[in-house]
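Everything below belongs to data36.pdb, which stores PDB, C-alpha atoms (C1' of nucleotides).
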ATOM      1  CA  MET A 123    -211.334  32.301  62.510
ATOM      2  CA  HIS A 124    -208.732  29.635  63.105
ATOM      3  CA  LEU A 125    -209.209  25.895  62.630
ATOM      4  CA  ASP A 126    -206.827  23.654  64.501
ATOM      5  CA  GLN A 127    -205.896  20.135  63.492
ATOM      6  CA  THR A 128    -208.775  18.643  65.496
ATOM      7  CA  ASP A 129    -211.275  20.873  63.699
ATOM      8  CA  LYS A 130    -209.848  19.812  60.368
ATOM      9  CA  THR A 131    -210.013  16.137  61.200
ATOM     10  CA  LEU A 132    -213.567  16.614  62.399
ATOM     11  CA  LEU A 133    -214.540  18.315  59.132
ATOM     12  CA  LYS A 134    -212.977  15.495  57.173
ATOM     13  CA  LEU A 135    -214.966  12.927  59.137
ATOM     14  CA  LEU A 136    -218.245  14.821  58.844
ATOM     15  CA  GLN A 137    -217.802  15.346  55.107
ATOM     16  CA  LYS A 138    -217.515  11.585  54.731
ATOM     17  CA  ASP A 139    -220.365  10.640  57.066
ATOM     18  CA  CYS A 140    -222.333  13.169  59.069
ATOM     19  CA  LYS A 141    -224.484  10.539  60.766
ATOM     20  CA  GLN A 142    -221.716   9.333  63.023
ATOM     21  CA  THR A 143    -222.532   9.847  66.684
ATOM     22  CA  ASN A 144    -220.525  12.284  68.735
ATOM     23  CA  LYS A 145    -219.410   9.303  70.766
ATOM     24  CA  ALA A 146    -217.863   7.629  67.744
ATOM     25  CA  LEU A 147    -216.234  10.907  66.746
ATOM     26  CA  SER A 148    -214.948  11.437  70.272
ATOM     27  CA  ASN A 149    -213.198   8.072  70.139
ATOM     28  CA  VAL A 150    -211.416   8.907  66.906
ATOM     29  CA  LEU A 151    -210.464  12.400  68.040
ATOM     30  CA  GLY A 152    -209.544  11.471  71.599
ATOM     31  CA  LEU A 153    -211.953  13.983  73.111
ATOM     32  CA  SER A 154    -215.011  13.858  75.307
ATOM     33  CA  VAL A 155    -218.452  13.760  73.733
ATOM     34  CA  THR A 156    -219.174  17.300  74.904
ATOM     35  CA  ALA A 157    -215.963  18.668  73.420
ATOM     36  CA  VAL A 158    -216.926  17.191  70.050
ATOM     37  CA  TYR A 159    -220.437  18.578  70.408
ATOM     38  CA  GLU A 160    -219.128  22.065  71.100
ATOM     39  CA  ARG A 161    -216.642  22.003  68.242
ATOM     40  CA  ILE A 162    -219.377  21.001  65.815
ATOM     41  CA  ARG A 163    -221.626  23.777  67.101
ATOM     42  CA  LYS A 164    -218.761  26.211  66.658
ATOM     43  CA  LEU A 165    -218.155  25.089  63.064
ATOM     44  CA  GLU A 166    -221.859  25.409  62.302
ATOM     45  CA  ASN A 167    -222.078  28.890  63.828
ATOM     46  CA  LEU A 168    -218.959  30.064  62.003
ATOM     47  CA  GLY A 169    -220.618  28.984  58.767
ATOM     48  CA  VAL A 170    -217.833  26.528  57.972
ATOM     49  CA  ILE A 171    -220.420  23.754  57.881
ATOM     50  CA  ASN A 172    -223.224  24.865  55.584
ATOM     51  CA  ASN A 173    -225.668  21.980  55.940
ATOM     52  CA  TYR A 174    -226.132  18.254  56.219
ATOM     53  CA  VAL A 175    -227.629  16.414  53.263
ATOM     54  CA  ALA A 176    -228.458  12.971  51.940
ATOM     55  CA  LEU A 177    -226.734  12.149  48.652
ATOM     56  CA  LEU A 178    -228.697   9.956  46.263
ATOM     57  CA  ASN A 179    -227.663   7.411  43.661
ATOM     58  CA  LYS A 180    -228.815   9.196  40.517
ATOM     59  CA  GLU A 181    -229.290   5.992  38.504
ATOM     60  CA  ARG A 182    -231.654   4.646  41.167
ATOM     61  CA  VAL A 183    -233.905   7.660  40.778
ATOM     62  CA  ASP A 184    -233.819   7.359  36.993
ATOM     63  CA  LYS A 185    -231.494  10.254  36.233
ATOM     64  CA  SER A 186    -228.653   8.683  34.297
ATOM     65  CA  PHE A 187    -227.836  11.364  31.781
ATOM     66  CA  VAL A 188    -225.378  14.121  32.650
ATOM     67  CA  ALA A 189    -224.395  16.883  30.259
ATOM     68  CA  PHE A 190    -222.320  20.009  30.438
ATOM     69  CA  CYS A 191    -223.787  22.865  28.507
ATOM     70  CA  HIS A 192    -221.971  26.018  27.494
ATOM     71  CA  VAL A 193    -224.080  29.122  27.037
ATOM     72  CA  LYS A 194    -223.218  32.420  25.414
ATOM     73  CA  LEU A 195    -225.476  35.446  25.799
ATOM     74  CA  VAL A 196    -226.193  37.772  22.894
ATOM     75  CA  GLN A 197    -225.205  40.738  25.051
ATOM     76  CA  HIS A 198    -223.671  41.291  28.435
ATOM     77  CA  SER A 199    -225.766  44.100  29.801
ATOM     78  CA  GLN A 200    -226.455  43.715  33.490
ATOM     79  CA  ASP A 201    -230.115  43.339  32.754
ATOM     80  CA  TYR A 202    -229.580  40.278  30.549
ATOM     81  CA  VAL A 203    -227.083  38.707  32.911
ATOM     82  CA  VAL A 204    -229.275  39.050  35.993
ATOM     83  CA  LYS A 205    -232.307  37.739  34.177
ATOM     84  CA  PHE A 206    -230.505  34.726  32.722
ATOM     85  CA  GLU A 207    -229.014  33.800  36.084
ATOM     86  CA  ARG A 208    -232.352  34.074  37.830
ATOM     87  CA  GLU A 209    -234.130  31.938  35.244
ATOM     88  CA  VAL A 210    -231.469  29.255  35.056
ATOM     89  CA  ALA A 211    -231.368  28.933  38.851
ATOM     90  CA  LYS A 212    -235.022  27.958  38.767
ATOM     91  CA  LEU A 213    -234.474  24.979  36.481
ATOM     92  CA  GLN A 214    -234.351  21.812  38.567
ATOM     93  CA  GLU A 215    -232.428  19.976  35.838
ATOM     94  CA  VAL A 216    -229.540  22.418  36.298
ATOM     95  CA  LEU A 217    -227.499  21.256  39.282
ATOM     96  CA  GLU A 218    -224.675  23.713  38.774
ATOM     97  CA  CYS A 219    -224.200  26.936  36.845
ATOM     98  CA  TYR A 220    -221.025  29.005  36.717
ATOM     99  CA  HIS A 221    -220.110  32.248  35.041
ATOM    100  CA  ILE A 222    -216.758  31.488  33.476
ATOM    101  CA  SER A 223    -213.892  32.990  31.537
ATOM    102  CA  GLY A 224    -213.281  31.984  27.939
ATOM    103  CA  ASP A 225    -215.254  31.665  24.738
ATOM    104  CA  TYR A 226    -218.550  31.026  26.451
ATOM    105  CA  ASP A 227    -220.163  32.926  29.302
ATOM    106  CA  TYR A 228    -221.585  30.077  31.353
ATOM    107  CA  ILE A 229    -221.163  26.391  31.964
ATOM    108  CA  LEU A 230    -224.103  24.374  33.263
ATOM    109  CA  LYS A 231    -224.213  20.858  34.638
ATOM    110  CA  VAL A 232    -227.506  19.295  33.652
ATOM    111  CA  LEU A 233    -229.001  16.080  35.017
ATOM    112  CA  VAL A 234    -231.900  14.336  33.319
ATOM    113  CA  LYS A 235    -233.226  10.836  32.603
ATOM    114  CA  ASP A 236    -231.892  10.271  29.112
ATOM    115  CA  MET A 237    -230.945  11.896  25.822
ATOM    116  CA  GLN A 238    -234.553  12.418  24.880
ATOM    117  CA  GLU A 239    -235.271  14.271  28.080
ATOM    118  CA  PHE A 240    -232.149  16.335  27.509
ATOM    119  CA  ARG A 241    -233.460  17.358  24.110
ATOM    120  CA  THR A 242    -236.745  18.370  25.691
ATOM    121  CA  PHE A 243    -234.886  20.325  28.346
ATOM    122  CA  MET A 244    -232.881  22.223  25.744
ATOM    123  CA  VAL A 245    -235.771  22.992  23.451
ATOM    124  CA  GLU A 246    -238.490  23.690  25.972
ATOM    125  CA  LYS A 247    -236.636  25.107  28.933
ATOM    126  CA  LEU A 248    -233.105  26.374  28.442
ATOM    127  CA  THR A 249    -233.442  28.029  25.052
ATOM    128  CA  LYS A 250    -236.761  29.522  26.108
ATOM    129  CA  ILE A 251    -234.766  31.879  28.292
ATOM    130  CA  ASN A 252    -234.304  35.104  26.376
ATOM    131  CA  HIS A 253    -231.027  36.574  25.196
ATOM    132  CA  ILE A 254    -229.201  33.272  24.767
ATOM    133  CA  GLY A 255    -226.888  33.627  21.805
ATOM    134  CA  SER A 256    -225.554  30.120  21.394
ATOM    135  CA  THR A 257    -225.085  26.860  23.280
ATOM    136  CA  HIS A 258    -222.699  23.953  23.036
ATOM    137  CA  SER A 259    -223.343  20.659  24.812
ATOM    138  CA  MET A 260    -220.983  17.922  25.923
ATOM    139  CA  PHE A 261    -222.363  14.586  27.062
ATOM    140  CA  VAL A 262    -220.906  12.617  29.915
ATOM    141  CA  ILE A 263    -219.778   9.188  28.782
ATOM    142  CA  ASN A 264    -218.464   8.104  32.141
ATOM    143  CA  GLU A 265    -218.229   9.578  35.615
ATOM    144  CA  VAL A 266    -214.635   9.069  36.715
ATOM    145  CA  LYS A 267    -214.823  10.941  40.018
ATOM    146  CA  HIS A 268    -217.455  12.849  41.915
ATOM    147  CA  THR A 269    -216.962  13.954  45.494
ATOM    148  CA  THR A 270    -218.336  16.688  47.743
ATOM    149  CA  THR A 271    -215.358  16.429  50.076
ATOM    150  CA  ILE A 272    -213.152  19.497  50.269
ATOM    151  CA  SER A 273    -209.633  18.870  51.517
ATOM    152  CA  VAL A 274    -208.985  20.995  54.607
TER
ATOM    153  CA  MET B 469    -238.096  -0.920  42.836
ATOM    154  CA  HIS B 470    -240.966   1.496  43.094
ATOM    155  CA  LEU B 471    -240.974   4.799  44.943
ATOM    156  CA  ASP B 472    -244.349   6.177  45.910
ATOM    157  CA  GLN B 473    -245.132   9.817  46.527
ATOM    158  CA  THR B 474    -244.257   9.531  50.228
ATOM    159  CA  ASP B 475    -240.825   8.114  49.368
ATOM    160  CA  LYS B 476    -240.228  10.964  46.937
ATOM    161  CA  THR B 477    -241.223  13.614  49.451
ATOM    162  CA  LEU B 478    -238.992  11.956  52.013
ATOM    163  CA  LEU B 479    -236.042  12.002  49.603
ATOM    164  CA  LYS B 480    -236.660  15.654  48.888
ATOM    165  CA  LEU B 481    -236.650  16.458  52.595
ATOM    166  CA  LEU B 482    -233.529  14.419  53.332
ATOM    167  CA  GLN B 483    -231.641  15.958  50.418
ATOM    168  CA  LYS B 484    -232.327  19.361  51.925
ATOM    169  CA  ASP B 485    -231.551  18.459  55.533
ATOM    170  CA  CYS B 486    -230.677  14.965  56.668
ATOM    171  CA  LYS B 487    -230.374  15.937  60.328
ATOM    172  CA  GLN B 488    -234.110  16.337  60.788
ATOM    173  CA  THR B 489    -235.458  13.922  63.379
ATOM    174  CA  ASN B 490    -237.806  11.164  62.288
ATOM    175  CA  LYS B 491    -240.378  12.849  64.462
ATOM    176  CA  ALA B 492    -240.180  16.087  62.489
ATOM    177  CA  LEU B 493    -240.334  14.102  59.246
ATOM    178  CA  SER B 494    -243.311  12.112  60.512
ATOM    179  CA  ASN B 495    -245.208  15.342  61.141
ATOM    180  CA  VAL B 496    -244.630  16.591  57.602
ATOM    181  CA  LEU B 497    -245.454  13.249  56.025
ATOM    182  CA  GLY B 498    -248.400  12.416  58.257
ATOM    183  CA  LEU B 499    -246.932   9.090  59.355
ATOM    184  CA  SER B 500    -245.730   7.536  62.582
ATOM    185  CA  VAL B 501    -242.079   7.747  63.563
ATOM    186  CA  THR B 502    -241.636   4.014  62.933
ATOM    187  CA  ALA B 503    -243.089   4.228  59.446
ATOM    188  CA  VAL B 504    -240.634   6.997  58.569
ATOM    189  CA  TYR B 505    -237.788   5.022  60.102
ATOM    190  CA  GLU B 506    -238.646   1.958  58.038
ATOM    191  CA  ARG B 507    -238.971   3.893  54.805
ATOM    192  CA  ILE B 508    -235.559   5.486  55.326
ATOM    193  CA  ARG B 509    -234.039   2.063  56.029
ATOM    194  CA  LYS B 510    -235.645   0.758  52.854
ATOM    195  CA  LEU B 511    -234.248   3.639  50.766
ATOM    196  CA  GLU B 512    -230.797   3.061  52.250
ATOM    197  CA  ASN B 513    -230.905  -0.665  51.591
ATOM    198  CA  LEU B 514    -232.126  -0.173  48.024
ATOM    199  CA  GLY B 515    -229.121   2.075  47.458
ATOM    200  CA  VAL B 516    -231.307   5.059  46.594
ATOM    201  CA  ILE B 517    -229.673   6.967  49.434
ATOM    202  CA  ASN B 518    -225.916   6.704  49.027
ATOM    203  CA  ASN B 519    -224.683   8.510  52.110
ATOM    204  CA  TYR B 520    -225.109  11.433  54.460
ATOM    205  CA  VAL B 521    -222.545  14.200  54.361
ATOM    206  CA  ALA B 522    -221.741  17.636  55.738
ATOM    207  CA  LEU B 523    -221.370  20.297  53.061
ATOM    208  CA  LEU B 524    -218.828  23.024  53.781
ATOM    209  CA  ASN B 525    -218.609  26.657  52.788
ATOM    210  CA  LYS B 526    -215.557  26.557  50.549
ATOM    211  CA  GLU B 527    -214.613  30.187  51.153
ATOM    212  CA  ARG B 528    -214.507  29.558  54.897
ATOM    213  CA  VAL B 529    -211.927  26.818  54.437
ATOM    214  CA  ASP B 530    -209.869  29.017  52.122
ATOM    215  CA  LYS B 531    -210.749  27.356  48.821
ATOM    216  CA  SER B 532    -212.172  30.154  46.747
ATOM    217  CA  PHE B 533    -210.883  29.326  43.301
ATOM    218  CA  VAL B 534    -212.840  26.985  41.040
ATOM    219  CA  ALA B 535    -211.755  26.055  37.551
ATOM    220  CA  PHE B 536    -212.940  23.690  34.872
ATOM    221  CA  CYS B 537    -210.143  22.015  33.049
ATOM    222  CA  HIS B 538    -210.445  20.186  29.753
ATOM    223  CA  VAL B 539    -207.955  17.415  29.111
ATOM    224  CA  LYS B 540    -207.109  15.605  25.903
ATOM    225  CA  LEU B 541    -204.994  12.466  25.934
ATOM    226  CA  VAL B 542    -202.328  11.845  23.299
ATOM    227  CA  GLN B 543    -203.814   8.442  22.600
ATOM    228  CA  HIS B 544    -206.914   6.520  23.610
ATOM    229  CA  SER B 545    -205.518   3.096  24.265
ATOM    230  CA  GLN B 546    -207.189   1.400  27.225
ATOM    231  CA  ASP B 547    -203.907   1.446  29.057
ATOM    232  CA  TYR B 548    -203.614   5.239  28.883
ATOM    233  CA  VAL B 549    -207.252   5.819  29.752
ATOM    234  CA  VAL B 550    -207.224   3.572  32.809
ATOM    235  CA  LYS B 551    -204.003   5.060  34.069
ATOM    236  CA  PHE B 552    -205.133   8.656  33.632
ATOM    237  CA  GLU B 553    -208.431   8.009  35.382
ATOM    238  CA  ARG B 554    -206.738   6.300  38.292
ATOM    239  CA  GLU B 555    -204.204   9.086  38.747
ATOM    240  CA  VAL B 556    -206.685  11.924  38.455
ATOM    241  CA  ALA B 557    -209.025  10.298  40.977
ATOM    242  CA  LYS B 558    -206.231  10.501  43.532
ATOM    243  CA  LEU B 559    -205.881  14.274  43.256
ATOM    244  CA  GLN B 560    -207.746  15.904  46.127
ATOM    245  CA  GLU B 561    -208.020  19.182  44.201
ATOM    246  CA  VAL B 562    -210.156  17.410  41.589
ATOM    247  CA  LEU B 563    -213.716  17.239  42.912
ATOM    248  CA  GLU B 564    -215.234  15.930  39.704
ATOM    249  CA  CYS B 565    -213.924  14.275  36.555
ATOM    250  CA  TYR B 566    -216.004  13.157  33.586
ATOM    251  CA  HIS B 567    -215.174  11.421  30.353
ATOM    252  CA  ILE B 568    -217.090  13.465  27.793
ATOM    253  CA  SER B 569    -217.968  13.701  24.136
ATOM    254  CA  GLY B 570    -216.564  16.467  21.988
ATOM    255  CA  ASP B 571    -213.199  18.020  21.243
ATOM    256  CA  TYR B 572    -211.673  17.100  24.571
ATOM    257  CA  ASP B 573    -211.703  13.752  26.368
ATOM    258  CA  TYR B 574    -212.249  14.867  29.955
ATOM    259  CA  ILE B 575    -213.603  17.754  31.951
ATOM    260  CA  LEU B 576    -212.380  18.275  35.509
ATOM    261  CA  LYS B 577    -213.708  20.518  38.233
ATOM    262  CA  VAL B 578    -210.796  21.753  40.295
ATOM    263  CA  LEU B 579    -210.980  23.496  43.668
ATOM    264  CA  VAL B 580    -208.005  25.309  45.138
ATOM    265  CA  LYS B 581    -207.165  28.381  47.216
ATOM    266  CA  ASP B 582    -206.303  30.875  44.494
ATOM    267  CA  MET B 583    -204.872  31.341  41.024
ATOM    268  CA  GLN B 584    -201.360  30.728  42.244
ATOM    269  CA  GLU B 585    -202.311  27.410  43.775
ATOM    270  CA  PHE B 586    -204.092  26.519  40.550
ATOM    271  CA  ARG B 587    -200.906  27.130  38.624
ATOM    272  CA  THR B 588    -199.007  24.898  41.024
ATOM    273  CA  PHE B 589    -201.676  22.229  40.659
ATOM    274  CA  MET B 590    -201.438  22.306  36.868
ATOM    275  CA  VAL B 591    -197.662  22.303  36.684
ATOM    276  CA  GLU B 592    -196.832  19.953  39.517
ATOM    277  CA  LYS B 593    -199.766  17.586  39.619
ATOM    278  CA  LEU B 594    -202.069  17.407  36.618
ATOM    279  CA  THR B 595    -199.547  17.662  33.819
ATOM    280  CA  LYS B 596    -197.235  15.283  35.650
ATOM    281  CA  ILE B 597    -199.682  12.555  34.699
ATOM    282  CA  ASN B 598    -198.361  10.877  31.570
ATOM    283  CA  HIS B 599    -200.035  10.816  28.169
ATOM    284  CA  ILE B 600    -201.814  14.146  28.508
ATOM    285  CA  GLY B 601    -201.887  15.776  25.101
ATOM    286  CA  SER B 602    -203.326  19.171  25.841
ATOM    287  CA  THR B 603    -205.385  21.046  28.419
ATOM    288  CA  HIS B 604    -207.660  24.046  28.373
ATOM    289  CA  SER B 605    -208.754  25.815  31.538
ATOM    290  CA  MET B 606    -211.776  27.984  32.270
ATOM    291  CA  PHE B 607    -211.931  29.978  35.479
ATOM    292  CA  VAL B 608    -215.082  30.450  37.468
ATOM    293  CA  ILE B 609    -215.945  34.127  37.822
ATOM    294  CA  ASN B 610    -219.137  33.565  39.770
ATOM    295  CA  GLU B 611    -221.068  30.593  41.115
ATOM    296  CA  VAL B 612    -224.652  31.117  40.000
ATOM    297  CA  LYS B 613    -226.082  27.835  41.265
ATOM    298  CA  HIS B 614    -224.733  24.785  43.040
ATOM    299  CA  THR B 615    -226.994  22.126  44.477
ATOM    300  CA  THR B 616    -226.725  18.442  45.332
ATOM    301  CA  THR B 617    -230.492  18.016  45.238
ATOM    302  CA  ILE B 618    -231.826  15.719  42.531
ATOM    303  CA  SER B 619    -235.450  16.256  41.615
ATOM    304  CA  VAL B 620    -237.373  13.004  42.147
TER
ATOM    305  C1'  DG C 516    -212.322  20.576  77.993
ATOM    306  C1'  DA C 517    -214.502  16.943  81.407
ATOM    307  C1'  DT C 518    -218.371  15.172  84.166
ATOM    308  C1'  DG C 519    -222.958  13.991  85.042
ATOM    309  C1'  DA C 520    -227.956  14.454  84.510
ATOM    310  C1'  DA C 521    -232.250  15.278  81.910
ATOM    311  C1'  DA C 522    -234.812  15.160  77.799
ATOM    312  C1'  DC C 523    -235.163  13.349  73.525
ATOM    313  C1'  DT C 524    -234.429  10.123  69.678
ATOM    314  C1'  DG C 525    -233.341   5.834  67.292
ATOM    315  C1'  DT C 526    -234.425   1.185  67.123
ATOM    316  C1'  DG C 527    -236.739  -3.154  67.365
ATOM    317  C1'  DG C 528    -240.609  -6.057  69.161
ATOM    318  C1'  DT C 529    -245.469  -6.949  68.872
ATOM    319  C1'  DG C 530    -249.972  -6.577  67.021
ATOM    320  C1'  DC C 531    -253.446  -4.734  63.689
ATOM    321  C1'  DA C 532    -255.563  -3.823  58.990
TER
ATOM    322  C1'  DT D 235    -246.984  -5.460  53.137
ATOM    323  C1'  DG D 236    -247.231  -1.370  55.614
ATOM    324  C1'  DC D 237    -248.330   1.089  59.685
ATOM    325  C1'  DA D 238    -249.172   2.246  64.801
ATOM    326  C1'  DC D 239    -248.035   1.681  69.588
ATOM    327  C1'  DC D 240    -244.803   0.823  73.208
ATOM    328  C1'  DA D 241    -240.451   0.406  75.685
ATOM    329  C1'  DC D 242    -235.512   0.489  76.268
ATOM    330  C1'  DA D 243    -230.863   1.674  75.103
ATOM    331  C1'  DG D 244    -228.220   5.224  73.475
ATOM    332  C1'  DT D 245    -227.684  10.006  72.134
ATOM    333  C1'  DT D 246    -228.005  14.925  72.272
ATOM    334  C1'  DT D 247    -227.805  18.809  74.974
ATOM    335  C1'  DC D 248    -226.807  21.777  78.835
ATOM    336  C1'  DA D 249    -225.430  23.279  83.537
ATOM    337  C1'  DT D 250    -221.470  22.989  86.484
ATOM    338  C1'  DC D 251    -216.750  22.501  87.571
TER
END

Would it be possible to restate this file's structure as structure tokens?
Amino acid sequence: MHLDQTDKTLLKLLQKDCKQTNKALSNVLGLSVTAVYERIRKLENLGVINNYVALLNKERVDKSFVAFCHVKLVQHSQDYVVKFEREVAKLQEVLECYHISGDYDYILKVLVKDMQEFRTFMVEKLTKINHIGSTHSMFVINEVKHTTTISV
Amino acid sequence: MHLDQTDKTLLKLLQKDCKQTNKALSNVLGLSVTAVYERIRKLENLGVINNYVALLNKERVDKSFVAFCHVKLVQHSQDYVVKFEREVAKLQEVLECYHISGDYDYILKVLVKDMQEFRTFMVEKLTKINHIGSTHSMFVINEVKHTTTISV
DNA sequence: GATGAAACTGTGGTGCA
DNA sequence: TGCACCACAGTTTCATC
């Protein structure tokens, strides 16, 4: 796989706004509409472009509380790890979950309505998963930056 | 602002795939194409839908290393805070940055090619920002879950 | 990668409940 | 206010060069 400069520019444009017409893109890139169409198809087929999604304003859908939650398991047997990861992936409040190096095993990004809902999430959902040793939560005071755009 | 069940279903569908035609959406929702079109326009105008973007496979664009980086400032004067936030927002390697509660002031999600590039990022970019007291990095071993879909 | 044609979709007007 | 129907302009998509 090799991406030339045109591919990279195209990816940059589509990461910013994927609803642009091929005609608009063709103007920026100095190509024909078909050439743009074929490059996009190529990038999709190569799996460089995963999918196209609508991003919402979380405050407007009443989800204003973001927290990062560290989790440590009591043990690290494969059984426990697999089970925890499967259960946590099911929780819709958990937008992201990573297995990380350091004092804790996992870091989770959790999105809920408010502090009260976060408490409910912790008590009734997260800590209901077995084999969790300890957790440590950090609350987001302010979102400084949040982008889905990868520099290519 | 009030979102009915149809709006919520529509948001769920568009968060999964925003390239679906209004016709396909109208079939799922049991509405006419125009009705779907008008609801989407409404959600855009209300600012519920922020934008439409292409999501990339980070491995396919040679960005396989994710790290979370805690940052503490030496002081918390407004001047220092504003300056740090402005500088960090400019760094393309930083996908997310949050001001958080707890021992550290900020948590950053950093995406680069590999460990070596991370080192370069830390030495030549992040710690070049003034007034940083200390940092603490955690490396992602495995991505368990990563979604942009907010449950509505 | 360009051109041109066919099929389809987005978009806005009008009317109905 | 919200939806359905209709029609046109513009877009996607594909065959051909």

With the file shown as input, list the residues that the PyMOL selection byres ((chain A) within 10 of (chain C)) selects, as a PyMOL selection string. chain A and resi 153-158+160

Selected residues written out, C-alpha atoms, as a short mmCIF file (atom, residue, chain, number, x, y, z; two decimals), in the coordinates of the input:
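That gives us selection22.cif:
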data_model
loop_
_atom_site.label_atom_id
_atom_site.label_comp_id
_atom_site.auth_asym_id
_atom_site.auth_seq_id
_atom_site.Cartn_x
_atom_site.Cartn_y
_atom_site.Cartn_z
CA LEU A 153 -211.95 13.98 73.11
CA SER A 154 -215.01 13.86 75.31
CA VAL A 155 -218.45 13.76 73.73
CA THR A 156 -219.17 17.30 74.90
CA ALA A 157 -215.96 18.67 73.42
CA VAL A 158 -216.93 17.19 70.05
CA GLU A 160 -219.13 22.06 71.10
#

Could you list as an NGL selection string every residue that has an atom within 6 Å of (-231.4, 28.2, 32.2), using the file's coordinates and counting all atoms listed in the file? :A and (209-210 or 248)

So which residues get picked by the PyMOL selection byres ((chain B and resi 469-478) around 9) here, written as a compact mmCIF listing (two decimals) with C-alpha atoms, in the coordinates of the input?
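The resulting result-v6.txt:
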# COMPACT_ATOMS: atom_id res chain seq x y z
CA ARG A 182 -231.65 4.65 41.17
CA VAL A 183 -233.90 7.66 40.78
CA LEU B 479 -236.04 12.00 49.60
CA LYS B 480 -236.66 15.65 48.89
CA LEU B 481 -236.65 16.46 52.60
CA LEU B 482 -233.53 14.42 53.33
CA GLN B 483 -231.64 15.96 50.42
CA LEU B 493 -240.33 14.10 59.25
CA LEU B 497 -245.45 13.25 56.02
CA VAL B 504 -240.63 7.00 58.57
CA ARG B 507 -238.97 3.89 54.80
CA ILE B 508 -235.56 5.49 55.33
CA LEU B 511 -234.25 3.64 50.77
CA LEU B 514 -232.13 -0.17 48.02
CA SER B 619 -235.45 16.26 41.62
CA VAL B 620 -237.37 13.00 42.15

With chain A as the partner and 6 Å as the cut-off, tabulate the residues of chain B that qualify, each row holding the nearest pair of atoms and their distance in Å to one decimal, using only C-alpha atoms, sorted by chain and rising number, as CSV.
residue,atom,partner,partner_atom,distance
B:Leu482,CA,A:Ala176,CA,5.5
B:Gln483,CA,A:Ala176,CA,4.6
B:Lys484,CA,A:Val175,CA,5.7
B:Asp485,CA,A:Val175,CA,5.0
B:Cys486,CA,A:Val175,CA,4.8
B:Val516,CA,A:Asn179,CA,5.2
B:Ile517,CA,A:Leu178,CA,4.5
B:Asn518,CA,A:Leu178,CA,5.1
B:Asn519,CA,A:Leu177,CA,5.4
B:Tyr520,CA,A:Ala176,CA,4.5
B:Val521,CA,A:Cys140,CA,4.8
B:Ala522,CA,A:Tyr174,CA,4.5
B:Leu523,CA,A:Asn173,CA,5.4
B:Leu524,CA,A:Ile171,CA,4.5
B:Asn525,CA,A:Val170,CA,5.2
B:Arg528,CA,A:Val170,CA,5.4
B:Ala557,CA,A:Lys267,CA,5.9
B:Leu563,CA,A:Thr269,CA,5.3
B:Glu564,CA,A:His268,CA,4.4
B:Cys565,CA,A:Lys267,CA,4.9
B:Tyr566,CA,A:Glu265,CA,4.7
B:His567,CA,A:Asn264,CA,5.0
B:Ile568,CA,A:Val262,CA,4.4
B:Ser569,CA,A:Phe261,CA,5.4
B:Met606,CA,A:Ser223,CA,5.5
B:Phe607,CA,A:Ser223,CA,5.3
B:Val608,CA,A:Ile222,CA,4.5
B:Ile609,CA,A:Ile222,CA,5.1
B:Asn610,CA,A:His221,CA,5.0
B:Glu611,CA,A:Tyr220,CA,4.7
B:Val612,CA,A:Cys219,CA,5.3
B:Lys613,CA,A:Cys219,CA,4.9
B:His614,CA,A:Glu218,CA,4.4
B:Thr615,CA,A:Leu217,CA,5.3

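Near chain D, the residues of chain A that fall inside 9 Å (using only C-alpha atoms (C1' of nucleotides)) are Thr143, Asn144, Lys145, Thr156 and Tyr159 of chain A.
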
Give, as AutoDock Vina command-line options, the centre coordinates and the x, y and z edge lengths in Å to one decimal for an axis-aligned box around all listed atoms of chain C, padded by 5 Å on each side.
--center_x -233.9 --center_y 6.8 --center_z 72.0 --size_x 53.2 --size_y 37.5 --size_z 36.1

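Our summary of the geometry notes that atom CA of A:His253 is positioned 28.0 Å from atom CA of B:Phe533.
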
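Interatomic distance, atom CA of A:Lys194 to atom CA of B:Cys537: 18.4 Å.
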
Report, in Å to a single decimal, how far apart atom CA of B:Leu541 and atom CA of B:Lys593 are. 15.5 Å
